[in-house]
Amino acid sequence: MTTPALLPLSGRRLPPLTLGASAFPHHRATLRLSEKFILLLILSAFITLCFGAFFFLPDSSKHKRFDLGLEDVLIPHVDTSKGGKNLGGFLIHGQGHDEHRHREEEERLRNKIRADHEKALEEAKEKLKKSRDEIQAEIQTEKNKVVQELKKKDSKPLPPVPLPNLIGINSGEPADPDIREKRNKIKEMMKHAWDNYRQYGWGHNELKPIARKGHSTNIFGNSQMGATIVDALDTLYIMGLHDEFREGQEWIDKNLDFSVNSEVSVFEVNIRFIGGLLAAYYLSGQEVFKVKAVQLAGKLLPAFNTPTGIPWAMVNLKSGVGRNWGWASAGSSILAEFGTLHMEFVHLSYLTGDPVYYNKVMHIRKLLQKMDRPNGLYPNYLNPRTGRWGQHHTSVGGLGDSFYEYLLKAWLMSDKMDTEARKMYDDAIEAIEKHLIRKSNGGLTFIGEWKNGHLERKMGHLTCFAGGMFALGADGARDDKAGHYLQLGAEIAHTCHESYDRTTLKLGPEAFKFDGGVEAVAVRQNEKYYILRPEVIETYWYMWRFTHDPKYRQWGWEATQAIDKYCRVSGGFSGVKDVYSSSPTYDDVQQSFFLAETLKYLYLQKKKDDLLPLDNWVFNTEAHPLPVLHLANTTLSGNPAYR
Ligand code: DMJ
């Protein structure tokens, strides 16, 4: 759960290049075709020369050459008793009918060679008669053939696997008319966001709702991958917006192509695209989503080609070359990025029968288990070349957050069989509670950040997801501490609600302090923005599911109204730059996670719990629901359901 796009990108250092196994496949195909053409030209020139030489050289030389060649080939083991002599492997003939037969044979072969040469010469001449355009068109046709073959290979049918229990996909209709009305309002907001993206940003990654055009950031590279379409699919499905869902499916089927020369964030592509496609597949049963998810996952694999197996933050989808963010401490990879792949990768192995994805994420886990942790805390930075920690900065917000979330969710997603993940989660949370969680003077519980032995009394909007995580992890907590973690979740929800309530717009700032007489309020100007983030609303939803305390529904509704009032513009929804200003300016970005997460969590709060029940579904960090895999043990490769 990190936002690299918002962090400084200056002073990037390029790591050494790594080439994946599939580097440059199309390039190779192109070279082969051009080489073919050049070879053809050389061959035809050579044939012309030989043919000319054959007719214009003096007779004796012609015969000598042919005689030597033919004799060597035709009669290598001659019987010398019949008049021939074998001198050092070469044959000198005797006379009589042998000689006659030999001359006939020689003539026949000479004619055959002449005919072959003439035919080749004719073909070459024909080729050369063609115009440059015709030749280019032929080359293009051949190229297309190669591309088609590659595509066919890419989309080879996946093995059928038993589908997990898909419970509660179309349930959850609330009886209360007030709740139904509120639910309809949220659905209308989704439609407004989608319709405007459809009209002004279709195929682009995101929308600029004020400029009314497409938008993108470096996390998606320089290509138009339709991030909003993929991220929004499951929300559309859950809300019953089926026409819009079909539009999205059609675009994905026809246009979503990953063979692009584009450098993308492995983490973002995993949580938004692979997570989004997998959820769309499980909800709708449409094969195209599964196939695209698997194709894309294959493009991410070269990112793992590092000395340690800790993946690079970014990978070029075409070349497979990876590197890290320039701003990351000492060329490090980021904990929340390489630690937020597990859920999607386990599903990929499950659906494909290929353990490669599972092995990659388990390798990361094993490596982390072996490492010393300062005060039991995981630093946010790890160097993929040396396998050593970078700066000792620990955070449950940006750079660290979803790593902890995925430890808990790996356990839940395995039907609670993956006890190793649960233990890692419990250990990590205990260290976090000891070193990072404090109460402010005014009694607000907050989660600070640990920087080189010092606690910074600041909490990010991103950190607010942890309220929901503590509540989700309460069941199964060590030492009978379920009540304690549910209470901790409630306290974080309360603090984050305060961070909203203490603003003019009733929307939360990006970061807020608990220092120098300030409580849950942003101090620096560049921390006062709200970019349609979901984390606080996500925590309200989990708290609602686990407690049914009506205040969580109420808080969710307050946020809905504030978003509709201050972030809605005629061209969609925009983030705002200062939540303390009564006349805020817009950042002019409709983030894809607004459709994937914010609106989904708001909507789910206005449905009944039997829609996507938490015993059967686990939401990835981008709010894409993936079903629990009822596997017989923790290792996929040892499971009979998994081949
Ligand atoms: C989302 O992409 C995900 O929730 C991620 O884990 C963190 N950041 C954004 C939303 O704020």
# chains A, B, ... in the order shown; residues from 1 in each chain; ligands from 1

$ closest_atom_pairs --of "chain A" --to "ligand 1" --cutoff "9 Å" --atoms "only C-alpha atoms and all ligand atoms" --output "JSON lines"
{"residue": "A:Met1", "atom": "CA", "partner": "ligand 1", "partner_atom_place_in_ligand_line": "6 (O)", "distance": 2.9}
{"residue": "A:Thr2", "atom": "CA", "partner": "ligand 1", "partner_atom_place_in_ligand_line": "7 (C)", "distance": 5.2}
{"residue": "A:Thr3", "atom": "CA", "partner": "ligand 1", "partner_atom_place_in_ligand_line": "8 (N)", "distance": 6.0}
{"residue": "A:Phe267", "atom": "CA", "partner": "ligand 1", "partner_atom_place_in_ligand_line": "6 (O)", "distance": 9.0}
{"residue": "A:Glu268", "atom": "CA", "partner": "ligand 1", "partner_atom_place_in_ligand_line": "2 (O)", "distance": 6.9}
{"residue": "A:Ile271", "atom": "CA", "partner": "ligand 1", "partner_atom_place_in_ligand_line": "2 (O)", "distance": 7.3}
{"residue": "A:Arg272", "atom": "CA", "partner": "ligand 1", "partner_atom_place_in_ligand_line": "2 (O)", "distance": 7.1}
{"residue": "A:Ala336", "atom": "CA", "partner": "ligand 1", "partner_atom_place_in_ligand_line": "6 (O)", "distance": 8.2}
{"residue": "A:Thr340", "atom": "CA", "partner": "ligand 1", "partner_atom_place_in_ligand_line": "6 (O)", "distance": 8.4}
{"residue": "A:Gly397", "atom": "CA", "partner": "ligand 1", "partner_atom_place_in_ligand_line": "7 (C)", "distance": 8.8}
{"residue": "A:Gly398", "atom": "CA", "partner": "ligand 1", "partner_atom_place_in_ligand_line": "7 (C)", "distance": 7.4}
{"residue": "A:Asp401", "atom": "CA", "partner": "ligand 1", "partner_atom_place_in_ligand_line": "6 (O)", "distance": 7.4}
{"residue": "A:Ser402", "atom": "CA", "partner": "ligand 1", "partner_atom_place_in_ligand_line": "6 (O)", "distance": 5.9}
{"residue": "A:His461", "atom": "CA", "partner": "ligand 1", "partner_atom_place_in_ligand_line": "11 (O)", "distance": 8.0}
{"residue": "A:Leu462", "atom": "CA", "partner": "ligand 1", "partner_atom_place_in_ligand_line": "11 (O)", "distance": 6.1}
{"residue": "A:Phe465", "atom": "CA", "partner": "ligand 1", "partner_atom_place_in_ligand_line": "4 (O)", "distance": 8.3}
{"residue": "A:Ile531", "atom": "CA", "partner": "ligand 1", "partner_atom_place_in_ligand_line": "11 (O)", "distance": 8.0}
{"residue": "A:Leu532", "atom": "CA", "partner": "ligand 1", "partner_atom_place_in_ligand_line": "11 (O)", "distance": 7.7}
{"residue": "A:Arg533", "atom": "CA", "partner": "ligand 1", "partner_atom_place_in_ligand_line": "11 (O)", "distance": 4.5}
{"residue": "A:Pro534", "atom": "CA", "partner": "ligand 1", "partner_atom_place_in_ligand_line": "11 (O)", "distance": 5.8}
{"residue": "A:Glu535", "atom": "CA", "partner": "ligand 1", "partner_atom_place_in_ligand_line": "11 (O)", "distance": 6.4}
{"residue": "A:Gln591", "atom": "CA", "partner": "ligand 1", "partner_atom_place_in_ligand_line": "10 (C)", "distance": 8.6}
{"residue": "A:Ser592", "atom": "CA", "partner": "ligand 1", "partner_atom_place_in_ligand_line": "2 (O)", "distance": 8.0}
{"residue": "A:Phe593", "atom": "CA", "partner": "ligand 1", "partner_atom_place_in_ligand_line": "2 (O)", "distance": 5.6}
{"residue": "A:Phe594", "atom": "CA", "partner": "ligand 1", "partner_atom_place_in_ligand_line": "10 (C)", "distance": 7.9}
{"residue": "A:Ala596", "atom": "CA", "partner": "ligand 1", "partner_atom_place_in_ligand_line": "1 (C)", "distance": 8.7}
{"residue": "A:Glu597", "atom": "CA", "partner": "ligand 1", "partner_atom_place_in_ligand_line": "4 (O)", "distance": 7.3}
{"residue": "A:Thr598", "atom": "CA", "partner": "ligand 1", "partner_atom_place_in_ligand_line": "10 (C)", "distance": 8.5}
{"residue": "A:Asn620", "atom": "CA", "partner": "ligand 1", "partner_atom_place_in_ligand_line": "6 (O)", "distance": 8.4}
{"residue": "A:Thr621", "atom": "CA", "partner": "ligand 1", "partner_atom_place_in_ligand_line": "6 (O)", "distance": 4.7}
{"residue": "A:Glu622", "atom": "CA", "partner": "ligand 1", "partner_atom_place_in_ligand_line": "3 (C)", "distance": 4.6}
{"residue": "A:Ala623", "atom": "CA", "partner": "ligand 1", "partner_atom_place_in_ligand_line": "4 (O)", "distance": 7.2}

$ residues_around --residues "Pro627 in chain A" --least-positions-apart "3" --cutoff "9 Å" --atoms "only C-alpha atoms" --output "list in words"
Pro164, Asn165, Leu166, Ile167, Ala279, Tyr282, Met413, Asn616, Trp617, Val618 and Phe619 of chain A

$ closest_residue --among "A:Ala297, A:Leu256, A:Leu377, A:Leu436" --to "Ser223 in chain A" --atoms "only C-alpha atoms"
A:Leu256

$ residues_around --residues "Phe514 in chain A" --least-positions-apart "4" --cutoff "7 Å" --atoms "only C-alpha atoms" --output "list in words"
Ser440, Arg457, Lys458, Val518, Glu519 and Ala520 of chain A

$ write_last_selection --atoms "C-alpha atoms" --output "CSV table (one decimal), in the first residue's frame"
chain,number,residue,atom,x,y,z
A,440,SER,CA,-2.2,11.0,22.5
A,457,ARG,CA,4.2,10.9,16.2
A,458,LYS,CA,2.5,11.1,12.9
A,518,VAL,CA,-1.9,19.1,17.7
A,519,GLU,CA,-4.1,16.0,17.6
A,520,ALA,CA,-5.2,14.3,14.4

$ closest_residue --among "A:His494, A:Arg524, A:His363, A:Arg438" --to "Trp555 in chain A" --atoms "only C-alpha atoms"
A:His494

$ residues_around --residues "Trp202 in chain A" --least-positions-apart "2" --cutoff "12 Å" --atoms "only C-alpha atoms" --output "ChimeraX atom specification"
/A:193-200,204-208,212-215,224-230,247-248,251-252,255

$ write_last_selection --atoms "N, CA and C atoms" --output "mmCIF file, in the first residue's frame"
data_model
loop_
_atom_site.group_PDB
_atom_site.id
_atom_site.type_symbol
_atom_site.label_atom_id
_atom_site.label_comp_id
_atom_site.auth_asym_id
_atom_site.auth_seq_id
_atom_site.Cartn_x
_atom_site.Cartn_y
_atom_site.Cartn_z
ATOM 1 N N ALA A 193 -18.915 8.340 -12.064
ATOM 2 C CA ALA A 193 -17.457 8.186 -12.238
ATOM 3 C C ALA A 193 -17.167 7.392 -13.511
ATOM 4 N N TRP A 194 -17.903 6.316 -13.700
ATOM 5 C CA TRP A 194 -17.668 5.427 -14.851
ATOM 6 C C TRP A 194 -18.036 6.108 -16.173
ATOM 7 N N ASP A 195 -19.233 6.700 -16.204
ATOM 8 C CA ASP A 195 -19.714 7.309 -17.455
ATOM 9 C C ASP A 195 -18.754 8.384 -17.952
ATOM 10 N N ASN A 196 -18.242 9.171 -17.014
ATOM 11 C CA ASN A 196 -17.319 10.234 -17.431
ATOM 12 C C ASN A 196 -15.981 9.681 -17.887
ATOM 13 N N TYR A 197 -15.519 8.663 -17.185
ATOM 14 C CA TYR A 197 -14.283 7.999 -17.644
ATOM 15 C C TYR A 197 -14.536 7.407 -19.040
ATOM 16 N N ARG A 198 -15.709 6.805 -19.189
ATOM 17 C CA ARG A 198 -16.095 6.173 -20.465
ATOM 18 C C ARG A 198 -16.067 7.222 -21.594
ATOM 19 N N GLN A 199 -16.581 8.407 -21.256
ATOM 20 C CA GLN A 199 -16.695 9.448 -22.284
ATOM 21 C C GLN A 199 -15.364 10.162 -22.566
ATOM 22 N N TYR A 200 -14.601 10.439 -21.529
ATOM 23 C CA TYR A 200 -13.424 11.298 -21.736
ATOM 24 C C TYR A 200 -12.081 10.583 -21.582
ATOM 25 N N HIS A 204 -7.560 5.039 -21.369
ATOM 26 C CA HIS A 204 -6.445 5.611 -20.595
ATOM 27 C C HIS A 204 -6.462 4.964 -19.214
ATOM 28 N N ASN A 205 -5.402 5.189 -18.453
ATOM 29 C CA ASN A 205 -5.389 4.566 -17.129
ATOM 30 C C ASN A 205 -6.381 5.226 -16.181
ATOM 31 N N GLU A 206 -6.377 6.562 -16.183
ATOM 32 C CA GLU A 206 -7.300 7.255 -15.292
ATOM 33 C C GLU A 206 -7.899 8.456 -16.023
ATOM 34 N N LEU A 207 -8.698 9.227 -15.280
ATOM 35 C CA LEU A 207 -9.407 10.363 -15.893
ATOM 36 C C LEU A 207 -9.008 11.673 -15.218
ATOM 37 N N LYS A 208 -8.886 12.722 -16.021
ATOM 38 C CA LYS A 208 -8.780 14.084 -15.475
ATOM 39 C C LYS A 208 -10.184 14.665 -15.601
ATOM 40 N N ARG A 212 -11.137 16.935 -18.577
ATOM 41 C CA ARG A 212 -11.913 15.956 -19.364
ATOM 42 C C ARG A 212 -11.056 15.251 -20.405
ATOM 43 N N LYS A 213 -10.020 14.633 -19.886
ATOM 44 C CA LYS A 213 -9.188 13.807 -20.772
ATOM 45 C C LYS A 213 -8.500 12.716 -19.944
ATOM 46 N N GLY A 214 -7.780 11.840 -20.637
ATOM 47 C CA GLY A 214 -7.121 10.736 -19.951
ATOM 48 C C GLY A 214 -5.973 11.211 -19.076
ATOM 49 N N HIS A 215 -5.614 10.349 -18.111
ATOM 50 C CA HIS A 215 -4.536 10.682 -17.183
ATOM 51 C C HIS A 215 -3.771 9.403 -16.857
ATOM 52 N N GLN A 224 -1.294 2.932 -22.321
ATOM 53 C CA GLN A 224 -2.704 3.042 -21.946
ATOM 54 C C GLN A 224 -3.226 1.647 -21.653
ATOM 55 N N MET A 225 -3.226 1.289 -20.386
ATOM 56 C CA MET A 225 -3.626 -0.075 -20.035
ATOM 57 C C MET A 225 -5.034 -0.138 -19.442
ATOM 58 N N GLY A 226 -5.761 0.958 -19.534
ATOM 59 C CA GLY A 226 -7.149 0.942 -19.047
ATOM 60 C C GLY A 226 -7.261 0.570 -17.584
ATOM 61 N N ALA A 227 -6.378 1.138 -16.735
ATOM 62 C CA ALA A 227 -6.356 0.762 -15.305
ATOM 63 C C ALA A 227 -7.732 0.924 -14.657
ATOM 64 N N THR A 228 -8.436 2.008 -15.003
ATOM 65 C CA THR A 228 -9.746 2.238 -14.371
ATOM 66 C C THR A 228 -10.735 1.130 -14.752
ATOM 67 N N ILE A 229 -10.661 0.679 -15.986
ATOM 68 C CA ILE A 229 -11.592 -0.382 -16.415
ATOM 69 C C ILE A 229 -11.362 -1.640 -15.575
ATOM 70 N N VAL A 230 -10.089 -2.051 -15.503
ATOM 71 C CA VAL A 230 -9.784 -3.301 -14.798
ATOM 72 C C VAL A 230 -10.089 -3.169 -13.308
ATOM 73 N N GLU A 247 -19.163 -3.702 -21.235
ATOM 74 C CA GLU A 247 -18.330 -2.749 -22.008
ATOM 75 C C GLU A 247 -16.859 -2.921 -21.622
ATOM 76 N N GLY A 248 -16.664 -3.014 -20.310
ATOM 77 C CA GLY A 248 -15.296 -3.177 -19.804
ATOM 78 C C GLY A 248 -14.694 -4.490 -20.282
ATOM 79 N N TRP A 251 -13.668 -4.280 -23.903
ATOM 80 C CA TRP A 251 -12.429 -3.513 -24.109
ATOM 81 C C TRP A 251 -11.221 -4.380 -23.735
ATOM 82 N N ILE A 252 -11.345 -5.078 -22.627
ATOM 83 C CA ILE A 252 -10.230 -5.913 -22.160
ATOM 84 C C ILE A 252 -9.935 -7.008 -23.176
ATOM 85 N N ASN A 255 -8.541 -5.080 -26.428
ATOM 86 C CA ASN A 255 -7.450 -4.094 -26.388
ATOM 87 C C ASN A 255 -6.368 -4.310 -25.356
#

$ closest_residue --among "A:Pro177, A:Gly240, A:Gly221, A:Gly353" --to "Val269 in chain A" --atoms "only C-alpha atoms"
A:Gly221

$ residues_around --residues "Val346 in chain A" --least-positions-apart "2" --cutoff "8 Å" --atoms "only C-alpha atoms" --output "CSV table (one decimal) with N, CA, C and O atoms, in the first residue's frame"
chain,number,residue,atom,x,y,z
A,342,HIS,N,1.4,-12.1,-2.4
A,342,HIS,CA,1.1,-13.4,-2.0
A,342,HIS,C,-0.3,-13.9,-2.5
A,342,HIS,O,-0.4,-15.0,-3.1
A,343,MET,N,-1.3,-13.1,-2.2
A,343,MET,CA,-2.7,-13.6,-2.4
A,343,MET,C,-2.9,-13.9,-3.9
A,343,MET,O,-3.4,-14.9,-4.3
A,344,GLU,N,-2.5,-12.9,-4.8
A,344,GLU,CA,-2.7,-13.0,-6.2
A,344,GLU,C,-1.8,-14.2,-6.7
A,344,GLU,O,-2.3,-15.0,-7.6
A,348,LEU,N,-2.8,-17.5,-8.8
A,348,LEU,CA,-2.3,-17.8,-10.1
A,348,LEU,C,-1.8,-19.3,-10.2
A,348,LEU,O,-2.1,-20.0,-11.2
A,349,SER,N,-1.1,-19.7,-9.2
A,349,SER,CA,-0.6,-21.1,-9.2
A,349,SER,C,-1.8,-22.1,-9.1
A,349,SER,O,-1.8,-23.1,-9.8
A,350,TYR,N,-2.8,-21.7,-8.3
A,350,TYR,CA,-4.0,-22.6,-8.2
A,350,TYR,C,-4.7,-22.7,-9.6
A,350,TYR,O,-5.0,-23.8,-10.0
A,357,TYR,N,4.5,-19.3,-9.5
A,357,TYR,CA,4.1,-18.0,-8.8
A,357,TYR,C,4.2,-18.3,-7.3
A,357,TYR,O,4.7,-17.4,-6.5
A,358,TYR,N,3.7,-19.4,-6.9
A,358,TYR,CA,3.7,-19.8,-5.4
A,358,TYR,C,5.2,-19.8,-4.9
A,358,TYR,O,5.5,-19.3,-3.9
A,636,LEU,N,1.0,-25.4,-1.5
A,636,LEU,CA,0.2,-25.8,-2.7
A,636,LEU,C,0.7,-27.0,-3.5
A,636,LEU,O,0.0,-27.8,-3.9

$ select_by_dssp --residues "range 363-514 of chain A" --states "helix (DSSP H, G or I)" --output "PyMOL selection string"
chain A and resi 363-370+374-376+401-413+419-435+462-472+478-480+482-501

$ closest_residue --among "A:Trp450, A:Phe304, A:Phe289, A:Phe403" --to "Pro374 in chain A" --atoms "only C-alpha atoms"
A:Trp450

$ decode --residues "range 589-601 of chain A" --atoms "all heavy atoms" --output "compact mmCIF listing (two decimals), in the first residue's frame"
# COMPACT_ATOMS: atom_id res chain seq x y z
N VAL A 589 -7.68 14.67 -10.66
CA VAL A 589 -7.43 13.25 -10.95
C VAL A 589 -8.54 12.40 -10.34
O VAL A 589 -8.86 12.55 -9.15
CB VAL A 589 -6.08 12.76 -10.36
CG1 VAL A 589 -5.86 11.28 -10.68
CG2 VAL A 589 -4.91 13.59 -10.90
N GLN A 590 -9.12 11.54 -11.15
CA GLN A 590 -10.05 10.53 -10.63
C GLN A 590 -9.26 9.22 -10.55
O GLN A 590 -9.02 8.57 -11.57
CB GLN A 590 -11.26 10.39 -11.55
CG GLN A 590 -12.26 9.33 -11.08
CD GLN A 590 -13.51 9.29 -11.94
OE1 GLN A 590 -14.37 10.15 -11.84
NE2 GLN A 590 -13.60 8.27 -12.78
N GLN A 591 -8.82 8.91 -9.36
CA GLN A 591 -7.96 7.74 -9.15
C GLN A 591 -8.73 6.45 -9.45
O GLN A 591 -9.91 6.34 -9.10
CB GLN A 591 -7.49 7.68 -7.69
CG GLN A 591 -6.83 8.94 -7.18
CD GLN A 591 -5.34 9.01 -7.51
OE1 GLN A 591 -4.75 8.03 -7.95
NE2 GLN A 591 -4.76 10.17 -7.28
N SER A 592 -8.02 5.45 -10.00
CA SER A 592 -8.74 4.19 -10.29
C SER A 592 -9.18 3.52 -8.99
O SER A 592 -10.22 2.85 -8.95
CB SER A 592 -7.87 3.25 -11.14
OG SER A 592 -6.90 2.60 -10.38
N PHE A 593 -8.44 3.72 -7.89
CA PHE A 593 -8.85 3.06 -6.63
C PHE A 593 -10.13 3.65 -6.06
O PHE A 593 -10.74 3.06 -5.17
CB PHE A 593 -7.72 3.03 -5.60
CG PHE A 593 -7.09 4.36 -5.26
CD1 PHE A 593 -7.79 5.35 -4.58
CD2 PHE A 593 -5.75 4.60 -5.56
CE1 PHE A 593 -7.20 6.56 -4.24
CE2 PHE A 593 -5.14 5.81 -5.22
CZ PHE A 593 -5.88 6.80 -4.57
N PHE A 594 -10.54 4.82 -6.54
CA PHE A 594 -11.83 5.38 -6.09
C PHE A 594 -12.97 4.45 -6.51
O PHE A 594 -13.90 4.19 -5.75
CB PHE A 594 -12.01 6.78 -6.68
CG PHE A 594 -13.32 7.44 -6.32
CD1 PHE A 594 -13.63 7.72 -4.99
CD2 PHE A 594 -14.25 7.77 -7.30
CE1 PHE A 594 -14.84 8.32 -4.64
CE2 PHE A 594 -15.47 8.38 -6.96
CZ PHE A 594 -15.75 8.64 -5.63
N LEU A 595 -12.87 3.92 -7.73
CA LEU A 595 -13.91 3.00 -8.22
C LEU A 595 -13.71 1.59 -7.67
O LEU A 595 -14.67 0.86 -7.43
CB LEU A 595 -13.91 2.96 -9.76
CG LEU A 595 -14.35 4.25 -10.46
CD1 LEU A 595 -13.16 5.17 -10.68
CD2 LEU A 595 -15.01 3.97 -11.80
N ALA A 596 -12.44 1.21 -7.49
CA ALA A 596 -12.17 -0.16 -7.03
C ALA A 596 -12.48 -0.32 -5.54
O ALA A 596 -13.04 -1.33 -5.13
CB ALA A 596 -10.69 -0.50 -7.26
N GLU A 597 -12.11 0.70 -4.76
CA GLU A 597 -12.17 0.54 -3.30
C GLU A 597 -13.18 1.44 -2.60
O GLU A 597 -14.08 0.96 -1.92
CB GLU A 597 -10.79 0.84 -2.70
CG GLU A 597 -9.69 -0.09 -3.16
CD GLU A 597 -8.42 0.14 -2.37
OE1 GLU A 597 -8.39 -0.26 -1.19
OE2 GLU A 597 -7.46 0.73 -2.90
N THR A 598 -12.96 2.77 -2.77
CA THR A 598 -13.74 3.72 -1.96
C THR A 598 -15.24 3.49 -2.15
O THR A 598 -15.98 3.31 -1.18
CB THR A 598 -13.34 5.16 -2.34
OG1 THR A 598 -11.91 5.22 -2.37
CG2 THR A 598 -13.87 6.17 -1.34
N LEU A 599 -15.67 3.48 -3.41
CA LEU A 599 -17.10 3.31 -3.66
C LEU A 599 -17.58 1.90 -3.32
O LEU A 599 -18.70 1.70 -2.86
CB LEU A 599 -17.42 3.66 -5.12
CG LEU A 599 -17.29 5.15 -5.45
CD1 LEU A 599 -17.42 5.40 -6.95
CD2 LEU A 599 -18.33 5.98 -4.69
N LYS A 600 -16.68 0.90 -3.50
CA LYS A 600 -17.09 -0.48 -3.17
C LYS A 600 -17.33 -0.65 -1.68
O LYS A 600 -18.35 -1.19 -1.25
CB LYS A 600 -16.04 -1.47 -3.66
CG LYS A 600 -16.46 -2.93 -3.46
CD LYS A 600 -15.34 -3.89 -3.79
CE LYS A 600 -15.12 -3.99 -5.28
NZ LYS A 600 -13.69 -3.99 -5.61
N TYR A 601 -16.40 -0.15 -0.85
CA TYR A 601 -16.58 -0.30 0.59
C TYR A 601 -17.80 0.48 1.08
O TYR A 601 -18.55 0.02 1.96
CB TYR A 601 -15.32 0.16 1.34
CG TYR A 601 -14.15 -0.81 1.23
CD1 TYR A 601 -12.88 -0.36 0.87
CD2 TYR A 601 -14.30 -2.17 1.51
CE1 TYR A 601 -11.80 -1.23 0.77
CE2 TYR A 601 -13.23 -3.05 1.41
CZ TYR A 601 -11.99 -2.57 1.04
OH TYR A 601 -10.93 -3.43 0.95
